[in-house]
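A.B. asks: The structure file upload-v7.cif (mmCIF, C-alpha atoms) is provided below.
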```
data_entry
#
loop_
_atom_site.label_atom_id
_atom_site.label_comp_id
_atom_site.auth_asym_id
_atom_site.auth_seq_id
_atom_site.Cartn_x
_atom_site.Cartn_y
_atom_site.Cartn_z
CA MET S 10 0.00 0.00 0.00
CA THR S 11 2.66 2.48 1.06
CA LEU S 12 4.85 1.20 -1.77
CA THR S 13 2.12 2.00 -4.29
CA SER S 14 1.93 5.55 -2.94
CA ILE S 15 5.71 5.86 -3.14
CA ILE S 16 5.62 4.75 -6.77
CA PHE S 17 2.91 7.29 -7.59
CA ALA S 18 4.83 10.03 -5.78
CA GLY S 19 7.93 8.97 -7.73
CA ILE S 20 6.14 9.10 -11.08
CA LEU S 21 4.73 12.52 -10.25
CA THR S 22 8.16 13.79 -9.21
CA TYR S 23 9.74 12.39 -12.36
CA LEU S 24 7.08 14.12 -14.47
CA THR S 25 7.92 17.46 -12.85
CA ARG S 26 11.56 16.89 -13.83
CA MET S 27 10.94 15.59 -17.32
CA THR S 28 8.04 17.69 -18.66
CA MET S 29 9.83 20.93 -19.42
CA ILE S 30 13.07 19.29 -20.52
CA ALA S 31 11.66 16.68 -22.88
CA LEU S 32 8.35 18.09 -24.05
CA ILE S 33 9.03 21.79 -24.48
CA SER S 34 11.12 23.05 -27.36
CA ARG S 35 13.04 26.27 -27.29
CA ASP S 36 10.78 28.00 -29.81
CA MET S 37 7.79 27.55 -27.54
CA LEU S 38 9.33 29.96 -25.04
CA GLY S 39 9.41 33.59 -26.20
CA ASP S 40 12.25 36.01 -25.45
CA LYS S 41 10.26 37.67 -22.69
CA ILE S 42 9.69 34.38 -20.88
CA LYS S 43 13.35 33.48 -21.27
CA ALA S 44 14.32 36.83 -19.72
CA VAL S 45 12.05 36.13 -16.74
CA LEU S 46 13.44 32.60 -16.39
CA GLU S 47 16.87 34.15 -15.74
CA TYR S 48 15.47 34.88 -12.28
CA VAL S 49 14.50 31.29 -11.45
CA PRO S 50 17.26 30.62 -8.88
CA SER S 51 16.54 33.90 -7.08
CA ALA S 52 12.78 33.27 -7.26
CA VAL S 53 12.82 29.66 -6.00
CA PHE S 54 15.57 29.14 -3.41
CA PRO S 55 14.43 31.76 -0.88
CA ALA S 56 11.26 29.64 -0.50
CA ILE S 57 13.57 26.96 0.94
CA ILE S 58 15.84 29.39 2.83
CA PHE S 59 13.31 31.58 4.66
CA PRO S 60 11.12 28.86 6.20
CA GLY S 61 14.32 26.89 7.02
CA ILE S 62 15.47 29.81 9.16
CA PHE S 63 12.35 31.51 10.47
CA ILE S 64 10.00 28.56 11.06
CA ASN S 65 10.84 25.78 13.47
CA ASP S 66 10.10 22.03 13.29
CA PHE S 67 6.63 22.59 14.72
CA GLY S 68 5.63 25.13 12.08
CA ILE S 69 5.92 28.06 14.48
CA PHE S 70 7.68 31.38 13.88
CA ILE S 71 10.92 31.63 15.82
CA GLU S 72 11.83 34.48 18.18
CA MET S 73 13.78 37.35 16.69
CA ASN S 74 16.79 36.49 18.87
CA ASP S 75 16.98 32.91 17.59
CA PRO S 76 20.56 31.71 16.89
CA LYS S 77 19.51 30.64 13.37
CA ILE S 78 18.99 34.26 12.33
CA PHE S 79 22.49 35.12 13.48
CA GLY S 80 23.95 32.03 11.77
CA ALA S 81 22.20 32.90 8.52
CA LEU S 82 23.47 36.49 8.63
CA VAL S 83 27.03 35.30 9.18
CA ALA S 84 26.62 32.87 6.27
CA VAL S 85 25.37 35.65 3.98
CA ILE S 86 28.29 37.93 4.86
CA VAL S 87 30.94 35.19 4.57
CA GLY S 88 29.34 33.90 1.36
CA TYR S 89 29.18 37.34 -0.21
CA PHE S 90 32.85 38.02 0.29
CA SER S 91 34.36 34.54 -0.02
CA LYS S 92 32.12 33.26 -2.86
CA ASN S 93 32.93 29.85 -1.40
CA ILE S 94 30.21 27.29 -0.65
CA ILE S 95 32.08 25.36 2.06
CA ALA S 96 33.08 28.59 3.81
CA THR S 97 29.47 29.81 3.69
CA ILE S 98 27.95 26.63 5.14
CA SER S 99 30.66 26.20 7.80
CA ALA S 100 30.51 29.85 8.88
CA GLY S 101 26.75 29.59 9.32
CA LEU S 102 26.93 26.32 11.25
CA VAL S 103 29.87 27.31 13.45
CA SER S 104 28.34 30.65 14.44
CA TYR S 105 25.03 28.88 15.14
CA TRP S 106 26.78 26.27 17.30
CA PHE S 107 28.76 28.97 19.07
CA LEU S 108 25.50 30.60 20.15
CA ILE S 109 23.65 27.44 21.18
CA PHE S 110 26.56 25.69 22.93
CA VAL S 111 28.64 28.54 24.33
CA VAL S 112 26.54 31.68 24.71
CA PHE S 113 23.10 30.31 25.52
CA ASN S 114 24.38 27.43 27.57
CA MET H 15 36.42 22.56 -26.19
CA LEU H 16 36.20 20.30 -23.14
CA SER H 17 35.78 16.54 -23.44
CA LYS H 18 32.77 14.69 -22.05
CA LYS H 19 34.89 13.34 -19.22
CA GLN H 20 36.24 16.78 -18.35
CA LEU H 21 32.74 18.22 -18.23
CA PHE H 22 31.46 15.34 -16.10
CA THR H 23 34.35 15.77 -13.66
CA ARG H 24 33.79 19.51 -13.58
CA GLY H 25 30.15 18.90 -12.67
CA MET H 26 31.19 16.55 -9.86
CA PHE H 27 33.67 19.12 -8.65
CA ASP H 28 31.17 22.00 -8.77
CA ILE H 29 28.50 20.23 -6.72
CA SER H 30 30.74 18.48 -4.19
CA PRO H 31 30.86 21.36 -1.65
CA HIS H 32 27.10 21.00 -1.24
CA MET H 33 27.61 17.48 0.10
CA LEU H 34 28.58 19.15 3.39
CA SER H 35 24.86 19.77 3.91
CA VAL H 36 23.34 17.04 1.72
CA ILE H 37 25.00 14.10 3.49
CA PRO H 38 23.95 14.99 7.06
CA PHE H 39 20.46 15.82 5.76
CA GLY H 40 20.25 12.45 3.97
CA ILE H 41 21.28 10.64 7.15
CA ILE H 42 18.59 12.51 9.08
CA CYS H 43 15.97 11.70 6.40
CA GLY H 44 16.77 7.99 6.51
CA ALA H 45 16.77 7.89 10.31
CA ILE H 46 13.47 9.79 10.61
CA GLY H 47 11.76 7.37 8.22
CA VAL H 48 12.67 4.40 10.38
CA GLU H 49 11.84 6.27 13.61
CA LEU H 50 8.38 7.03 12.24
CA GLY H 51 7.88 3.27 12.05
CA PHE H 52 8.19 2.59 8.34
CA HIS H 53 9.86 -0.50 7.00
CA PRO H 54 13.52 0.23 6.17
CA TYR H 55 13.06 -1.09 2.61
CA LEU H 56 10.24 1.38 2.01
CA VAL H 57 12.25 4.26 3.42
CA TYR H 58 15.11 3.40 1.10
CA ALA H 59 12.80 2.80 -1.87
CA MET H 60 11.84 6.48 -1.64
CA SER H 61 15.43 7.64 -2.16
CA PHE H 62 15.53 5.59 -5.34
CA ILE H 63 12.01 6.15 -6.66
CA ILE H 64 11.27 9.71 -5.56
CA PHE H 65 14.85 10.95 -5.08
CA GLY H 66 13.62 14.23 -3.65
CA GLY H 67 15.13 15.42 -0.38
CA ALA H 68 12.66 17.14 1.89
CA SER H 69 9.63 15.79 -0.01
CA GLN H 70 10.51 12.31 1.26
CA ILE H 71 10.33 13.40 4.89
CA VAL H 72 7.06 15.27 4.33
CA PHE H 73 5.58 12.19 2.65
CA LEU H 74 6.35 9.92 5.61
CA GLN H 75 5.33 12.51 8.20
CA LEU H 76 1.97 12.97 6.51
CA LEU H 77 1.33 9.22 6.29
CA SER H 78 2.36 8.56 9.89
CA GLY H 79 0.22 11.52 10.99
CA GLY H 80 -2.81 9.77 9.53
CA ALA H 81 -3.15 11.69 6.25
CA SER H 82 -4.56 9.76 3.28
CA SER H 83 -2.08 8.52 0.69
CA LEU H 84 -3.71 10.84 -1.83
CA VAL H 85 -2.78 13.85 0.30
CA ALA H 86 0.76 12.53 0.78
CA VAL H 87 1.26 11.87 -2.94
CA ALA H 88 -0.22 15.25 -3.91
CA SER H 89 2.05 17.03 -1.44
CA VAL H 90 5.14 15.37 -2.92
CA GLY H 91 4.00 16.43 -6.40
CA ILE H 92 3.44 20.02 -5.31
CA ILE H 93 6.70 20.29 -3.35
CA ASN H 94 8.60 18.96 -6.36
CA SER H 95 6.74 21.04 -8.93
CA ARG H 96 9.56 23.59 -8.72
CA HIS H 97 11.48 21.23 -11.02
CA LEU H 98 9.19 22.46 -13.80
CA LEU H 99 10.91 25.82 -13.49
CA TYR H 100 14.37 24.24 -13.51
CA GLY H 101 13.40 22.23 -16.60
CA ALA H 102 12.20 25.35 -18.39
CA VAL H 103 15.57 26.99 -17.76
CA LEU H 104 17.62 23.92 -18.69
CA SER H 105 15.63 23.05 -21.82
CA GLU H 106 17.47 25.76 -23.72
CA TYR H 107 20.78 23.98 -23.18
CA LEU H 108 19.52 20.44 -23.63
CA GLU H 109 17.43 20.87 -26.76
CA LYS H 110 19.94 19.19 -29.08
CA LEU H 111 19.76 15.93 -27.14
CA SER H 112 17.68 13.00 -28.36
CA PHE H 113 14.33 12.40 -26.69
CA ILE H 114 15.62 9.30 -24.88
CA LYS H 115 18.62 11.18 -23.51
CA LYS H 116 16.30 13.94 -22.29
CA LEU H 117 14.17 11.36 -20.52
CA LEU H 118 17.22 9.83 -18.82
CA ILE H 119 18.90 13.06 -17.80
CA SER H 120 15.64 14.35 -16.27
CA TYR H 121 15.87 11.79 -13.46
CA VAL H 122 18.97 13.43 -11.97
CA VAL H 123 17.83 17.07 -12.03
CA VAL H 124 17.97 18.33 -8.43
CA ASP H 125 18.07 21.78 -6.80
CA GLN H 126 21.79 22.10 -6.21
CA GLY H 127 22.68 20.37 -9.49
CA PHE H 128 20.41 22.72 -11.39
CA ALA H 129 21.95 25.74 -9.64
CA GLU H 130 25.56 24.76 -10.30
CA SER H 131 25.05 23.46 -13.86
CA ASN H 132 22.95 26.46 -14.84
CA LYS H 133 25.72 28.74 -13.61
CA PHE H 134 28.26 26.76 -15.65
CA PHE H 135 26.01 26.67 -18.74
CA LYS H 136 25.60 30.43 -18.77
CA LYS H 137 29.37 30.92 -18.93
CA ASN H 138 30.12 28.11 -21.38
CA ARG H 139 27.30 28.20 -23.92
CA SER H 140 29.49 27.08 -26.82
CA GLU H 141 30.57 23.74 -25.32
CA GLU H 142 29.28 20.83 -27.38
CA PHE H 143 28.72 18.28 -24.60
CA LEU H 144 27.38 20.70 -22.02
CA HIS H 145 24.90 18.16 -20.66
CA TYR H 146 27.74 16.07 -19.22
CA HIS H 147 28.16 18.76 -16.60
CA LEU H 148 24.55 18.23 -15.54
CA ILE H 149 25.07 14.46 -15.52
CA GLY H 150 28.12 15.04 -13.31
CA THR H 151 26.27 17.17 -10.76
CA GLY H 152 23.20 14.92 -10.84
CA CYS H 153 25.03 11.62 -10.48
CA THR H 154 27.20 12.91 -7.64
CA MET H 155 24.08 14.04 -5.86
CA TRP H 156 22.34 10.73 -6.56
CA VAL H 157 25.17 8.56 -5.24
CA CYS H 158 25.66 10.68 -2.11
CA TRP H 159 21.92 10.78 -1.42
CA GLN H 160 21.60 6.99 -1.69
CA ILE H 161 24.59 6.38 0.59
CA ALA H 162 23.51 9.03 3.10
CA THR H 163 19.89 7.90 3.42
CA LEU H 164 20.96 4.25 3.55
CA SER H 165 23.39 4.95 6.39
CA GLY H 166 20.67 6.84 8.24
CA ILE H 167 18.33 3.87 7.80
CA VAL H 168 20.87 1.26 8.88
CA LEU H 169 22.71 3.13 11.62
CA GLY H 170 19.91 5.34 12.90
CA SER H 171 20.46 9.00 13.62
CA PHE H 172 24.13 8.83 14.58
CA VAL H 173 24.24 12.55 13.84
CA PRO H 174 23.35 14.11 17.22
CA ASP H 175 20.05 15.98 17.17
CA GLU H 176 21.49 18.83 19.22
CA LEU H 177 23.73 19.86 16.33
CA GLY H 178 20.65 21.05 14.45
CA LEU H 179 22.15 19.96 11.13
CA LYS H 180 18.89 20.52 9.27
CA PHE H 181 19.98 24.14 9.41
CA ALA H 182 22.67 23.25 6.84
CA ILE H 183 19.96 23.08 4.14
CA PRO H 184 19.01 26.78 4.17
CA LEU H 185 22.75 27.51 4.41
CA THR H 186 23.54 25.54 1.27
CA PHE H 187 20.95 27.55 -0.64
CA ILE H 188 22.24 30.80 0.83
CA ALA H 189 25.61 29.84 -0.66
CA ILE H 190 23.88 29.57 -4.06
CA VAL H 191 21.88 32.81 -4.12
CA VAL H 192 24.47 34.95 -2.35
CA ARG H 193 26.24 35.41 -5.71
CA ASP H 194 23.34 37.51 -6.96
CA LEU H 195 23.02 39.73 -3.89
CA LYS H 196 24.88 42.55 -5.59
CA LYS H 197 22.13 42.89 -8.20
CA LEU H 198 19.25 44.96 -6.85
CA ASP H 199 16.63 43.35 -9.11
CA HIS H 200 17.62 39.89 -7.88
CA VAL H 201 17.50 41.04 -4.27
CA ILE H 202 13.95 42.31 -4.77
CA VAL H 203 12.92 38.99 -6.33
CA MET H 204 14.55 37.04 -3.48
CA ILE H 205 12.87 39.08 -0.77
CA THR H 206 9.50 38.76 -2.51
CA CYS H 207 9.89 35.00 -2.65
CA GLY H 208 11.14 34.71 0.92
CA LEU H 209 8.40 36.83 2.45
CA SER H 210 5.72 35.10 0.37
CA SER H 211 6.97 31.71 1.56
CA LEU H 212 6.51 32.80 5.19
CA LEU H 213 3.13 34.34 4.43
CA PHE H 214 1.82 31.25 2.63
CA PHE H 215 3.62 28.70 4.81
CA ASP H 216 0.35 27.26 6.07
CA ALA H 217 -1.23 26.94 2.60
CA PRO H 218 -2.45 23.39 1.94
CA PHE H 219 -0.12 20.68 0.51
CA LYS H 220 3.00 22.74 1.27
CA SER H 221 2.09 24.77 -1.79
CA TYR H 222 4.02 27.80 -0.52
CA ILE H 223 7.03 26.24 -2.20
CA ILE H 224 5.57 26.89 -5.66
CA ILE H 225 3.23 29.82 -4.90
CA SER H 226 6.09 32.06 -3.72
CA PRO H 227 8.34 31.45 -6.78
CA ILE H 228 5.39 32.25 -9.06
CA ILE H 229 4.74 35.53 -7.21
CA ALA H 230 8.48 36.30 -7.32
CA LEU H 231 8.64 35.62 -11.06
CA PHE H 232 5.71 38.00 -11.63
CA VAL H 233 7.67 40.64 -9.76
CA ALA H 234 10.69 39.80 -11.93
CA ALA H 235 8.56 40.32 -15.05
CA LEU H 236 7.42 43.70 -13.71
CA LEU H 237 11.01 44.69 -12.95
CA LEU H 238 12.05 43.78 -16.49
CA ARG H 239 9.30 46.00 -17.84
CA LEU H 240 10.40 48.90 -15.62
CA LYS H 241 14.02 48.51 -16.74
CA LYS H 242 13.13 49.21 -20.38
#
```
Could you render the structure as structure tokens?
C.D. replies:
Amino acid sequence: MTLTSIIFAGILTYLTRMTMIALISRDMLGDKIKAVLEYVPSAVFPAIIFPGIFINDFGIFIEMNDPKIFGALVAVIVGYFSKNIIATISAGLVSYWFLIFVVFN
Amino acid sequence: MLSKKQLFTRGMFDISPHMLSVIPFGIICGAIGVELGFHPYLVYAMSFIIFGGASQIVFLQLLSGGASSLVAVASVGIINSRHLLYGAVLSEYLEKLSFIKKLLISYVVVDQGFAESNKFFKKNRSEEFLHYHLIGTGCTMWVCWQIATLSGIVLGSFVPDELGLKFAIPLTFIAIVVRDLKKLDHVIVMITCGLSSLLFFDAPFKSYIIISPIIALFVAALLLRLKK
């Protein structure tokens, strides 16, 4: 039963991946749409970033002094200047850990 | 002109830093599935059949919370519908491929792979075997995801909960979008998307994850019109 659902979920997910790549040809997208599509990364990823920072595991808004906000800010600053993915992730995690294990402990 | 192998390796190289967040997250996903009481084979089957990060956790949480399978399946479809946008962007670079190759390559399109390959594609439009970069990012992601979720399933959550490693996921995406922070139009689009995602967070079927990009793309279209 669960396996059937997993297979359906898998087919649906595959369709979301395949549809635009395999069934749409370049000519079907006008220049205007292509110009808007340039913004896809900036228009999609914040929908993963913001809830990941500001909403906790129970679906509740965090306090404004939550260590995650500080960690995210450090990551943005380090990422902006270093342009390095590992540095960005580590800086965010380390500053977050520093707050939860050292400061708030 | 780079060879297929060089492009594949470049793709592997470009996505590998993201494994710092993907691997702990995969371990957590595998462990949660088993903790929720699902058969280990089923939990692993999801990594192979769905191959979609957070959507796998949501699926199991919904089922174990008593939601119908229809709701769980629909939620996975909606969470993953953002791939439609990635596909629309990538189609420009993949159009020369045969239909079969397009069908195969589609299976490995994931968030981070899309982000890194798209960045590479924009700079190297003239390369003949461009798609090997996408295969490189996708396959690296696939292998790491399988290993990570499997180890979470077999070993349990050996990553301590207190470390809060789920936080690495927003960080990995910060590392992706931070490149565009110096462009004001991109910043406006990002903030629109981020605020919309918080505003619509409680919308049914986790649909905030596709509603907010659509709103943000409308704003992008408006900005383009203003620029002219």
A.B. asks: Just so the selection is clear, what residues does the PyMOL selection byres ((chain S and resi 80-85) around 6) cover here, as a compact mmCIF listing (two decimals) with C-alpha atoms, in the coordinates of the input?
C.D. replies:
```txt
# COMPACT_ATOMS: atom_id res chain seq x y z
CA LYS S 77 19.51 30.64 13.37
CA ILE S 78 18.99 34.26 12.33
CA PHE S 79 22.49 35.12 13.48
CA ILE S 86 28.29 37.93 4.86
CA VAL S 87 30.94 35.19 4.57
CA GLY S 88 29.34 33.90 1.36
CA TYR S 89 29.18 37.34 -0.21
CA THR S 97 29.47 29.81 3.69
CA ALA S 100 30.51 29.85 8.88
CA GLY S 101 26.75 29.59 9.32
CA SER S 104 28.34 30.65 14.44
CA TYR S 105 25.03 28.88 15.14
```
A.B. asks: Can you list, as a list in words, every protein, DNA or RNA residue that comes within 7 Å of S:Ala18 when you count all atoms listed in the file, leaving out same-chain residues fewer than 4 positions away?
C.D. replies: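 Returned residues: Ser14 and Thr22 of chain S; Ile64, Val87, Val90 and Gly91 of chain H.
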A.B. asks: Could you check how far atom CA of H:Cys153 sits from atom CA of H:Leu21, in Å to one decimal?
C.D. replies: 12.8 Å
A.B. asks: Could you check which of H:Ser83, H:Ser105, H:Ser17, H:Ser35 is closest to S:Thr28, using all atoms listed in the file?
C.D. replies: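 Counting all atoms listed in the file, the residue closest to S:Thr28 is H:Ser105.
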A.B. asks: Return the neighbours of chain S among the residues of chain H, cut-off 7 Å, counting all atoms listed in the file, as a short mmCIF file (atom, residue, chain, number, x, y, z; two decimals) with C-alpha atoms, in the coordinates of the input.
C.D. replies:
```
data_model
loop_
_atom_site.label_atom_id
_atom_site.label_comp_id
_atom_site.auth_asym_id
_atom_site.auth_seq_id
_atom_site.Cartn_x
_atom_site.Cartn_y
_atom_site.Cartn_z
CA PRO H 31 30.86 21.36 -1.65
CA LEU H 56 10.24 1.38 2.01
CA MET H 60 11.84 6.48 -1.64
CA ILE H 63 12.01 6.15 -6.66
CA ILE H 64 11.27 9.71 -5.56
CA SER H 83 -2.08 8.52 0.69
CA VAL H 87 1.26 11.87 -2.94
CA VAL H 90 5.14 15.37 -2.92
CA GLY H 91 4.00 16.43 -6.40
CA ASN H 94 8.60 18.96 -6.36
CA SER H 95 6.74 21.04 -8.93
CA HIS H 97 11.48 21.23 -11.02
CA LEU H 98 9.19 22.46 -13.80
CA LEU H 99 10.91 25.82 -13.49
CA GLY H 101 13.40 22.23 -16.60
CA ALA H 102 12.20 25.35 -18.39
CA VAL H 103 15.57 26.99 -17.76
CA LEU H 104 17.62 23.92 -18.69
CA SER H 105 15.63 23.05 -21.82
CA GLU H 106 17.47 25.76 -23.72
CA GLU H 109 17.43 20.87 -26.76
CA PHE H 113 14.33 12.40 -26.69
CA LYS H 116 16.30 13.94 -22.29
CA LEU H 117 14.17 11.36 -20.52
CA SER H 120 15.64 14.35 -16.27
CA TYR H 121 15.87 11.79 -13.46
CA VAL H 123 17.83 17.07 -12.03
CA ALA H 129 21.95 25.74 -9.64
CA PHE H 181 19.98 24.14 9.41
CA ALA H 182 22.67 23.25 6.84
CA PRO H 184 19.01 26.78 4.17
CA LEU H 185 22.75 27.51 4.41
CA THR H 186 23.54 25.54 1.27
CA PHE H 187 20.95 27.55 -0.64
CA ILE H 188 22.24 30.80 0.83
CA ALA H 189 25.61 29.84 -0.66
CA VAL H 191 21.88 32.81 -4.12
CA VAL H 192 24.47 34.95 -2.35
CA ARG H 193 26.24 35.41 -5.71
CA HIS H 200 17.62 39.89 -7.88
CA VAL H 203 12.92 38.99 -6.33
CA MET H 204 14.55 37.04 -3.48
CA CYS H 207 9.89 35.00 -2.65
CA GLY H 208 11.14 34.71 0.92
CA SER H 211 6.97 31.71 1.56
CA LEU H 212 6.51 32.80 5.19
CA ILE H 223 7.03 26.24 -2.20
CA SER H 226 6.09 32.06 -3.72
CA PRO H 227 8.34 31.45 -6.78
CA ALA H 230 8.48 36.30 -7.32
CA LEU H 231 8.64 35.62 -11.06
CA ALA H 234 10.69 39.80 -11.93
CA ALA H 235 8.56 40.32 -15.05
#
```
A.B. asks: Give me, please, the distance in Å between atom CA of H:Cys158 and atom CA of S:Pro76, quoted to one decimal.
C.D. replies: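 Interatomic distance, atom CA of H:Cys158 to atom CA of S:Pro76: 28.8 Å.
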